[in-house]
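Structure first, commentary second.
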Amino acid sequence: MTKNLPALQNKSQIDLPAVVDRLRLTPETKKTYKFAMNSYRNYCKKHNKPSDLDSLLDWIESMPSPYTQATYIAAVKKVLTEVYKYDPRLIELKDNLEKIRPAKMTKTITESKYLKKNEIDRMIEIANPKIGVIIETLFITGLRISELINLKHEDCVLLQNK
């Protein structure tokens, strides 16, 4: 399946992180995309691989997290679309990039993914009183931290004098 990415063959020919600067993105997204492009360049250099779709796929598959894979896929699509903007091979490139899918994250809840009641009780016991109340509230209600932070006094209902 090796498909060359001609504009990327000569690494001195194009600076992928510099391409990110030309894109209309938020500063945070630019930072993430630059990191991704530097990571890809370093991957190719470290493994002595050419800049082609096979190495791109290998690099993405080497990411341990599906979320990282998805972020890097988005960065690659955006940057390479800019690089190949006026190149007739862009359609073929986009078709190949569309085939890249991040691994599916397992959503099965296992015992190792949550704390048990005795572990929570121990955390509450050793924490200072304010933090203990926060931990207990999160545990009892199932609130997210952001939801707890945004909670107002009038949103609360007193139950059993607690």
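Lettering and numbering for the structure tokens are positional, with chains as A, B, ... in the shown order, residues counted from 1 in each chain, and ligands counted from 1 in the shown order.
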
- Find the spatial neighbours of Ile134 (chain A), counting only C-alpha atoms, within a cut-off of 9 Å - ignore same-chain residues fewer than 4 positions away - and output them as number ranges by chain. A: 124, 129-130, 138-139, 148

Next, the residues of the selection above should be written as a PDB file, in the first residue's frame with all heavy atoms.
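Contents of the output file result_8.pdb:
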```pdb
ATOM      1  N   ILE A 124     -11.511   9.615  52.616  1.00  0.00           N
ATOM      2  CA  ILE A 124     -12.234  10.620  53.395  1.00  0.00           C
ATOM      3  C   ILE A 124     -11.593  10.754  54.780  1.00  0.00           C
ATOM      4  O   ILE A 124     -11.423  11.854  55.300  1.00  0.00           O
ATOM      5  CB  ILE A 124     -13.735  10.257  53.502  1.00  0.00           C
ATOM      6  CG1 ILE A 124     -14.380  10.360  52.120  1.00  0.00           C
ATOM      7  CG2 ILE A 124     -14.457  11.129  54.515  1.00  0.00           C
ATOM      8  CD1 ILE A 124     -15.778   9.757  52.024  1.00  0.00           C
ATOM      9  N   PRO A 129     -10.826  17.935  56.503  1.00  0.00           N
ATOM     10  CA  PRO A 129     -12.291  17.889  56.524  1.00  0.00           C
ATOM     11  C   PRO A 129     -12.969  18.448  55.259  1.00  0.00           C
ATOM     12  O   PRO A 129     -13.936  17.859  54.771  1.00  0.00           O
ATOM     13  CB  PRO A 129     -12.658  18.723  57.752  1.00  0.00           C
ATOM     14  CG  PRO A 129     -11.462  18.604  58.641  1.00  0.00           C
ATOM     15  CD  PRO A 129     -10.293  18.522  57.731  1.00  0.00           C
ATOM     16  N   LYS A 130     -12.491  19.556  54.718  1.00  0.00           N
ATOM     17  CA  LYS A 130     -13.120  20.133  53.520  1.00  0.00           C
ATOM     18  C   LYS A 130     -12.999  19.195  52.323  1.00  0.00           C
ATOM     19  O   LYS A 130     -13.961  18.980  51.585  1.00  0.00           O
ATOM     20  CB  LYS A 130     -12.490  21.484  53.181  1.00  0.00           C
ATOM     21  CG  LYS A 130     -12.894  22.596  54.113  1.00  0.00           C
ATOM     22  CD  LYS A 130     -12.279  23.911  53.680  1.00  0.00           C
ATOM     23  CE  LYS A 130     -12.673  25.017  54.638  1.00  0.00           C
ATOM     24  NZ  LYS A 130     -12.100  26.312  54.270  1.00  0.00           N
ATOM     25  N   LEU A 138     -18.944  13.747  46.028  1.00  0.00           N
ATOM     26  CA  LEU A 138     -18.753  13.172  44.695  1.00  0.00           C
ATOM     27  C   LEU A 138     -19.142  11.692  44.685  1.00  0.00           C
ATOM     28  O   LEU A 138     -19.803  11.224  43.757  1.00  0.00           O
ATOM     29  CB  LEU A 138     -17.292  13.334  44.243  1.00  0.00           C
ATOM     30  CG  LEU A 138     -16.832  14.751  43.923  1.00  0.00           C
ATOM     31  CD1 LEU A 138     -15.320  14.785  43.724  1.00  0.00           C
ATOM     32  CD2 LEU A 138     -17.536  15.301  42.697  1.00  0.00           C
ATOM     33  N   PHE A 139     -18.745  10.973  45.723  1.00  0.00           N
ATOM     34  CA  PHE A 139     -19.034   9.546  45.789  1.00  0.00           C
ATOM     35  C   PHE A 139     -20.528   9.276  45.932  1.00  0.00           C
ATOM     36  O   PHE A 139     -21.088   8.440  45.221  1.00  0.00           O
ATOM     37  CB  PHE A 139     -18.260   8.908  46.961  1.00  0.00           C
ATOM     38  CG  PHE A 139     -18.522   7.441  47.125  1.00  0.00           C
ATOM     39  CD1 PHE A 139     -18.032   6.533  46.208  1.00  0.00           C
ATOM     40  CD2 PHE A 139     -19.266   6.973  48.203  1.00  0.00           C
ATOM     41  CE1 PHE A 139     -18.277   5.176  46.350  1.00  0.00           C
ATOM     42  CE2 PHE A 139     -19.511   5.616  48.360  1.00  0.00           C
ATOM     43  CZ  PHE A 139     -19.015   4.716  47.426  1.00  0.00           C
ATOM     44  N   LEU A 148     -19.925  19.688  40.487  1.00  0.00           N
ATOM     45  CA  LEU A 148     -19.837  20.070  41.898  1.00  0.00           C
ATOM     46  C   LEU A 148     -19.366  21.510  42.043  1.00  0.00           C
ATOM     47  O   LEU A 148     -19.904  22.266  42.847  1.00  0.00           O
ATOM     48  CB  LEU A 148     -18.889  19.123  42.651  1.00  0.00           C
ATOM     49  CG  LEU A 148     -18.742  19.386  44.149  1.00  0.00           C
ATOM     50  CD1 LEU A 148     -20.074  19.204  44.870  1.00  0.00           C
ATOM     51  CD2 LEU A 148     -17.694  18.474  44.751  1.00  0.00           C
TER      52      LEU A 148
END
```

- Item | Contact residues around region 28-31 of chain A with only C-alpha atoms at 9 Å, ignoring same-chain residues under 5 positions, as a PyMOL selection string | chain A and resi 17+20-21+23+36+75

Hey, could you make a per-residue contact list for region 61-82 of chain A against region 37-56 of chain A with 12 Å as the cut-off, showing the nearest pair of atoms and its distance in Å to one decimal, counting only C-alpha atoms, sorted by chain and number, as CSV?
```
residue,atom,partner,partner_atom,distance
A:Glu61,CA,A:Leu56,CA,8.6
A:Ser62,CA,A:Tyr43,CA,9.7
A:Met63,CA,A:Ser39,CA,10.6
A:Thr68,CA,A:Ser39,CA,11.7
A:Gln69,CA,A:Leu56,CA,11.2
A:Thr71,CA,A:Met37,CA,11.3
A:Tyr72,CA,A:Met37,CA,8.3
A:Ile73,CA,A:Leu56,CA,9.4
A:Ala74,CA,A:Met37,CA,11.1
A:Ala75,CA,A:Met37,CA,7.7
A:Val76,CA,A:Met37,CA,7.5
A:Lys77,CA,A:Met37,CA,11.1
A:Lys78,CA,A:Met37,CA,10.9
A:Val79,CA,A:Met37,CA,8.5
A:Leu80,CA,A:Met37,CA,10.2
```

Kindly export the residues of the current selection with N, CA, C and O atoms, as a tab-separated table (two decimals), in the first residue's frame.
```tsv
chain	number	residue	atom	x	y	z
A	61	GLU	N	-0.91	4.23	14.62
A	61	GLU	CA	-1.20	2.99	15.35
A	61	GLU	C	-0.29	2.80	16.55
A	61	GLU	O	-0.62	2.06	17.47
A	62	SER	N	0.86	3.48	16.56
A	62	SER	CA	1.78	3.35	17.70
A	62	SER	C	1.30	4.14	18.92
A	62	SER	O	1.85	3.98	20.01
A	63	MET	N	0.29	4.98	18.73
A	63	MET	CA	-0.25	5.77	19.84
A	63	MET	C	-1.06	4.84	20.76
A	63	MET	O	-1.91	4.09	20.28
A	68	THR	N	-5.68	9.99	21.56
A	68	THR	CA	-4.49	10.55	20.94
A	68	THR	C	-4.50	10.25	19.45
A	68	THR	O	-4.21	11.12	18.63
A	69	GLN	N	-4.88	9.03	19.10
A	69	GLN	CA	-4.97	8.66	17.69
A	69	GLN	C	-5.94	9.58	16.95
A	69	GLN	O	-5.62	10.09	15.88
A	71	THR	N	-6.91	12.60	17.73
A	71	THR	CA	-6.36	13.95	17.66
A	71	THR	C	-5.31	14.04	16.57
A	71	THR	O	-5.29	14.98	15.77
A	72	TYR	N	-4.42	13.06	16.50
A	72	TYR	CA	-3.36	13.08	15.50
A	72	TYR	C	-3.92	12.88	14.10
A	72	TYR	O	-3.42	13.47	13.14
A	73	ILE	N	-4.96	12.08	13.95
A	73	ILE	CA	-5.60	11.91	12.64
A	73	ILE	C	-6.18	13.24	12.18
A	73	ILE	O	-6.01	13.63	11.03
A	74	ALA	N	-6.83	13.94	13.08
A	74	ALA	CA	-7.39	15.26	12.73
A	74	ALA	C	-6.29	16.22	12.32
A	74	ALA	O	-6.43	16.96	11.34
A	75	ALA	N	-5.18	16.20	13.04
A	75	ALA	CA	-4.05	17.09	12.72
A	75	ALA	C	-3.49	16.75	11.34
A	75	ALA	O	-3.27	17.65	10.52
A	76	VAL	N	-3.29	15.47	11.08
A	76	VAL	CA	-2.73	15.04	9.79
A	76	VAL	C	-3.65	15.45	8.65
A	76	VAL	O	-3.20	16.00	7.64
A	77	LYS	N	-4.94	15.21	8.81
A	77	LYS	CA	-5.89	15.56	7.75
A	77	LYS	C	-5.86	17.05	7.45
A	77	LYS	O	-5.82	17.47	6.30
A	78	LYS	N	-5.86	17.86	8.49
A	78	LYS	CA	-5.89	19.31	8.31
A	78	LYS	C	-4.59	19.81	7.68
A	78	LYS	O	-4.62	20.59	6.72
A	79	VAL	N	-3.46	19.35	8.18
A	79	VAL	CA	-2.17	19.84	7.69
A	79	VAL	C	-1.91	19.36	6.27
A	79	VAL	O	-1.50	20.15	5.40
A	80	LEU	N	-2.16	18.08	5.99
A	80	LEU	CA	-1.90	17.58	4.65
A	80	LEU	C	-2.87	18.15	3.62
A	80	LEU	O	-2.53	18.31	2.46
```

- Task: Give me every alpha helix (DSSP H) residue in chain A, going by DSSP on the backbone, as a ChimeraX atom specification.
- Result: /A:6-9,16-22,27-46,53-61,66-83,90-98,117-126,129-141,145-149

- Query: Within 12 Å of Thr106 (chain A), counting only C-alpha atoms, which residues qualify if same-chain residues fewer than 5 places away don't, as a PyMOL selection string?
  - Reply: chain A and resi 65-67+113

- Skipping near chain neighbours, those fewer than 5 positions away, what residues fall within 12 Å of Gly132 (chain A) using only C-alpha atoms, listed as a PyMOL selection string? chain A and resi 120-127+137-139

For the selection just defined, write its residues with N, CA and C atoms to a file, as a PDB file, in the first residue's frame.
```
ATOM      1  N   ILE A 120     -12.774   4.572  49.332  1.00  0.00           N
ATOM      2  CA  ILE A 120     -13.333   5.924  49.449  1.00  0.00           C
ATOM      3  C   ILE A 120     -13.354   6.344  50.918  1.00  0.00           C
ATOM      4  N   ASP A 121     -13.827   5.435  51.791  1.00  0.00           N
ATOM      5  CA  ASP A 121     -13.873   5.742  53.225  1.00  0.00           C
ATOM      6  C   ASP A 121     -12.479   6.076  53.755  1.00  0.00           C
ATOM      7  N   ARG A 122     -11.475   5.370  53.305  1.00  0.00           N
ATOM      8  CA  ARG A 122     -10.092   5.627  53.741  1.00  0.00           C
ATOM      9  C   ARG A 122      -9.618   6.999  53.248  1.00  0.00           C
ATOM     10  N   MET A 123      -9.962   7.351  51.997  1.00  0.00           N
ATOM     11  CA  MET A 123      -9.592   8.671  51.460  1.00  0.00           C
ATOM     12  C   MET A 123     -10.232   9.784  52.283  1.00  0.00           C
ATOM     13  N   ILE A 124     -11.511   9.615  52.616  1.00  0.00           N
ATOM     14  CA  ILE A 124     -12.234  10.620  53.395  1.00  0.00           C
ATOM     15  C   ILE A 124     -11.593  10.754  54.780  1.00  0.00           C
ATOM     16  N   GLU A 125     -11.231   9.617  55.350  1.00  0.00           N
ATOM     17  CA  GLU A 125     -10.652   9.584  56.694  1.00  0.00           C
ATOM     18  C   GLU A 125      -9.308  10.326  56.758  1.00  0.00           C
ATOM     19  N   ILE A 126      -8.462  10.173  55.763  1.00  0.00           N
ATOM     20  CA  ILE A 126      -7.129  10.775  55.830  1.00  0.00           C
ATOM     21  C   ILE A 126      -7.069  12.193  55.252  1.00  0.00           C
ATOM     22  N   ALA A 127      -8.129  12.602  54.541  1.00  0.00           N
ATOM     23  CA  ALA A 127      -8.140  13.949  53.947  1.00  0.00           C
ATOM     24  C   ALA A 127      -8.514  14.989  55.000  1.00  0.00           C
ATOM     25  N   THR A 137     -19.187  13.841  48.837  1.00  0.00           N
ATOM     26  CA  THR A 137     -20.254  14.351  47.978  1.00  0.00           C
ATOM     27  C   THR A 137     -20.149  13.769  46.572  1.00  0.00           C
ATOM     28  N   LEU A 138     -18.944  13.747  46.028  1.00  0.00           N
ATOM     29  CA  LEU A 138     -18.753  13.172  44.695  1.00  0.00           C
ATOM     30  C   LEU A 138     -19.142  11.692  44.685  1.00  0.00           C
ATOM     31  N   PHE A 139     -18.745  10.973  45.723  1.00  0.00           N
ATOM     32  CA  PHE A 139     -19.034   9.546  45.789  1.00  0.00           C
ATOM     33  C   PHE A 139     -20.528   9.276  45.932  1.00  0.00           C
TER      34      PHE A 139
END
```

- Identify which of the residues A:Lys152, A:Lys104, A:Lys34, A:Lys117 lies closest to Ile140 (chain A), counting only C-alpha atoms when measuring atom-to-atom distances.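 Going through A:Lys152, A:Lys104, A:Lys34, A:Lys117 one by one, the smallest distance to Ile140 (chain A) is for A:Lys117.
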
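Relative to CA of Pro102 (chain A), CA of Ala70 (chain A) is found at 5.6 Å.
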
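Between CA of Thr32 (chain A) and CA of Leu57 (chain A) lies a distance of 18.6 Å.
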
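Note that CA of Pro64 (chain A) and CA of Lys107 (chain A) are 15.5 Å apart.
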